[in-house]
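Novice: If you scroll down you'll find the structure; I have some questions about it.
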Amino acid sequence: MFPLQRLARNLAPGAEEAAFNLFQPGLPALQRAEVLFTSGRGHAIDYVSSAVRMEHAPKPALPEVCFIGRSNVGKSSLIRALFSLAPEVEVRVSKTPGHTKKMNFFNVGKYFTLVDMPGYGYRAPKDFVDMVEAYLQERHNLKRTFLLVDAVVGIQSTDLIAVEMLEEFGIPYVMVLTKIDRVSKGLLLKNVLGIQKFVKEKTQGCFPQLFLVSSVEFSGVHLLRCFVAHVTGNLPTVEAS
């Protein structure tokens, strides 16, 4: 459930651990988040619409989070894992990188909206920059952007462009390392420490704690659900574990 904290056990004695333990919700908060992500009578979790331009986007009625990352970073797979407690929600996952070409909006009851953004880099939509810049600048209900980074290869040059965009627009964001089931513990720790150093020295709007996830093993998914619920204002208090 807490893969980053588990990884911290491999740090050298005396190493700085603060960035490994910033968000540690207690069991009640985790349970409330699970309820929020579980569809049921009176609490529908569903796809709303897709848009390629802001004028086609649904009205910004709820707190919103968006997920963005390189093509083939596992974004749609992660969103499907987040929505696994609502199996009626269809999140299309393709074996072909760059499948998502539009902004896809999903409502979680009356509580918040989650947006699946097109992937950047390989096979990105030709109007990707215009689409994303307009969204980030105009979507005033956006509470947090989740920037997905492949844990196997770490931050790439295209990821740096995304970071620059978020920093320029003053958008609060957090980095999520995907595919942690595909990387050795040693390489994962090396990449985590390198990205933590980058966040500390090169960014201002990035939350210092990274989130590690595996959509295959569901590792880190429960914690990420809880953080989404937290940043959208749906967990009034987050008790420490």
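Letters for chains follow the order of the structure tokens (A, B, ...), residue numbers begin at 1 for each chain, and ligand numbers begin at 1 in the order shown.
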Give me, as number ranges by chain, all polymer residues having an atom no more than 8 Å from segment 137-143 of chain A, counting only C-alpha atoms and skipping those fewer than 4 positions away in the same chain.
Specialist: A: 60-66, 133, 169, 172, 231-232
Novice: Those same residues, written as a PDB file, in the first residue's frame with N, CA, C and O atoms?
Specialist:
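To be explicit, this is the file written out as selection06.pdb:
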ATOM      1  N   PRO A  60     -16.883  23.572 -15.777  1.00  0.00           N
ATOM      2  CA  PRO A  60     -16.056  23.246 -14.607  1.00  0.00           C
ATOM      3  C   PRO A  60     -16.846  23.360 -13.303  1.00  0.00           C
ATOM      4  O   PRO A  60     -16.661  24.279 -12.502  1.00  0.00           O
ATOM      5  N   ALA A  61     -17.719  22.395 -13.064  1.00  0.00           N
ATOM      6  CA  ALA A  61     -18.625  22.468 -11.920  1.00  0.00           C
ATOM      7  C   ALA A  61     -18.037  21.854 -10.651  1.00  0.00           C
ATOM      8  O   ALA A  61     -18.485  22.185  -9.548  1.00  0.00           O
ATOM      9  N   LEU A  62     -17.054  20.955 -10.800  1.00  0.00           N
ATOM     10  CA  LEU A  62     -16.506  20.227  -9.658  1.00  0.00           C
ATOM     11  C   LEU A  62     -14.997  20.432  -9.555  1.00  0.00           C
ATOM     12  O   LEU A  62     -14.344  20.810 -10.534  1.00  0.00           O
ATOM     13  N   PRO A  63     -14.417  20.196  -8.381  1.00  0.00           N
ATOM     14  CA  PRO A  63     -12.949  20.172  -8.296  1.00  0.00           C
ATOM     15  C   PRO A  63     -12.416  19.143  -9.292  1.00  0.00           C
ATOM     16  O   PRO A  63     -13.051  18.118  -9.532  1.00  0.00           O
ATOM     17  N   GLU A  64     -11.246  19.425  -9.864  1.00  0.00           N
ATOM     18  CA  GLU A  64     -10.762  18.595 -10.969  1.00  0.00           C
ATOM     19  C   GLU A  64      -9.295  18.246 -10.780  1.00  0.00           C
ATOM     20  O   GLU A  64      -8.502  19.039 -10.253  1.00  0.00           O
ATOM     21  N   VAL A  65      -8.938  17.046 -11.229  1.00  0.00           N
ATOM     22  CA  VAL A  65      -7.535  16.635 -11.320  1.00  0.00           C
ATOM     23  C   VAL A  65      -7.311  16.104 -12.728  1.00  0.00           C
ATOM     24  O   VAL A  65      -8.230  15.575 -13.357  1.00  0.00           O
ATOM     25  N   CYS A  66      -6.110  16.260 -13.241  1.00  0.00           N
ATOM     26  CA  CYS A  66      -5.819  15.702 -14.562  1.00  0.00           C
ATOM     27  C   CYS A  66      -4.557  14.857 -14.494  1.00  0.00           C
ATOM     28  O   CYS A  66      -3.665  15.099 -13.679  1.00  0.00           O
ATOM     29  N   GLU A 133      -2.069  23.484 -23.149  1.00  0.00           N
ATOM     30  CA  GLU A 133      -1.836  24.825 -22.627  1.00  0.00           C
ATOM     31  C   GLU A 133      -3.141  25.533 -22.328  1.00  0.00           C
ATOM     32  O   GLU A 133      -3.289  26.180 -21.280  1.00  0.00           O
ATOM     33  N   PHE A 169       3.105  28.038 -15.787  1.00  0.00           N
ATOM     34  CA  PHE A 169       1.721  28.422 -15.533  1.00  0.00           C
ATOM     35  C   PHE A 169       1.385  28.419 -14.038  1.00  0.00           C
ATOM     36  O   PHE A 169       0.261  28.770 -13.658  1.00  0.00           O
ATOM     37  N   PRO A 172       0.001  23.588  -9.569  1.00  0.00           N
ATOM     38  CA  PRO A 172       0.505  22.603  -8.600  1.00  0.00           C
ATOM     39  C   PRO A 172       0.402  21.191  -9.177  1.00  0.00           C
ATOM     40  O   PRO A 172      -0.617  20.827  -9.760  1.00  0.00           O
ATOM     41  N   VAL A 231      -6.665  16.139  -2.255  1.00  0.00           N
ATOM     42  CA  VAL A 231      -6.426  17.403  -2.961  1.00  0.00           C
ATOM     43  C   VAL A 231      -7.709  17.984  -3.559  1.00  0.00           C
ATOM     44  O   VAL A 231      -7.760  19.175  -3.860  1.00  0.00           O
ATOM     45  N   THR A 232      -8.730  17.163  -3.741  1.00  0.00           N
ATOM     46  CA  THR A 232     -10.007  17.673  -4.249  1.00  0.00           C
ATOM     47  C   THR A 232     -10.928  18.116  -3.117  1.00  0.00           C
ATOM     48  O   THR A 232     -12.083  18.472  -3.350  1.00  0.00           O
TER      49      THR A 232
END
Novice: Would you kindly return, as a list in words, each protein, DNA or RNA residue with an atom no farther than 12 Å from any atom of Arg6 of chain A, considering only C-alpha atoms and excluding same-chain residues fewer than 6 positions away?
Specialist: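 Listed by chain and then number, they are Glu17, Phe20, Asn21, Lys185, Leu188, Leu189, Phe211, Leu212, Ser219 and Gly220 of chain A.
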Novice: Could you please write out, as a PyMOL selection string, every residue of segment 52-231 of chain A that DSSP assigns to strand (DSSP E)?
Specialist: chain A and resi 64-69+103-108+112-116+142-150+173-178+211-212
Novice: Tell me which of A:Thr158, A:Lys197, A:Val183, A:Phe67 sits closest to Thr145 of chain A, counting only C-alpha atoms.
Specialist: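 Counting only C-alpha atoms, the residue closest to Thr145 of chain A is A:Phe67.
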Novice: Nearest to Ser184 of chain A among A:Phe106, A:Ala151, A:Ile79, A:Pro118, with distances taken over only C-alpha atoms: which residue is it?
Specialist: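 Once distances to Ser184 of chain A are computed over only C-alpha atoms, the minimum belongs to A:Ala151.
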Novice: What parts of segment 115-181 of chain A does DSSP call helix (DSSP H, G or I)? I'd like the answer as number ranges by chain.
Specialist: A: 128-138, 157-169, 180-181
Novice: Taking into account only C-alpha atoms, which residue in the set A:Ala57, A:Leu193, A:Val152, A:Leu114 is nearest to Val91 of chain A?
Specialist: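 Closest to Val91 of chain A, using only C-alpha atoms: A:Leu114.
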Novice: Find the spatial neighbours of segment 24-39 of chain A, counting only C-alpha atoms, within a cut-off of 10 Å - ignore same-chain residues fewer than 3 positions away - and output them as a PyMOL selection string.
Specialist: chain A and resi 2+5+20-21+42-46+82-89+108-109+111-112+222-230+234-241
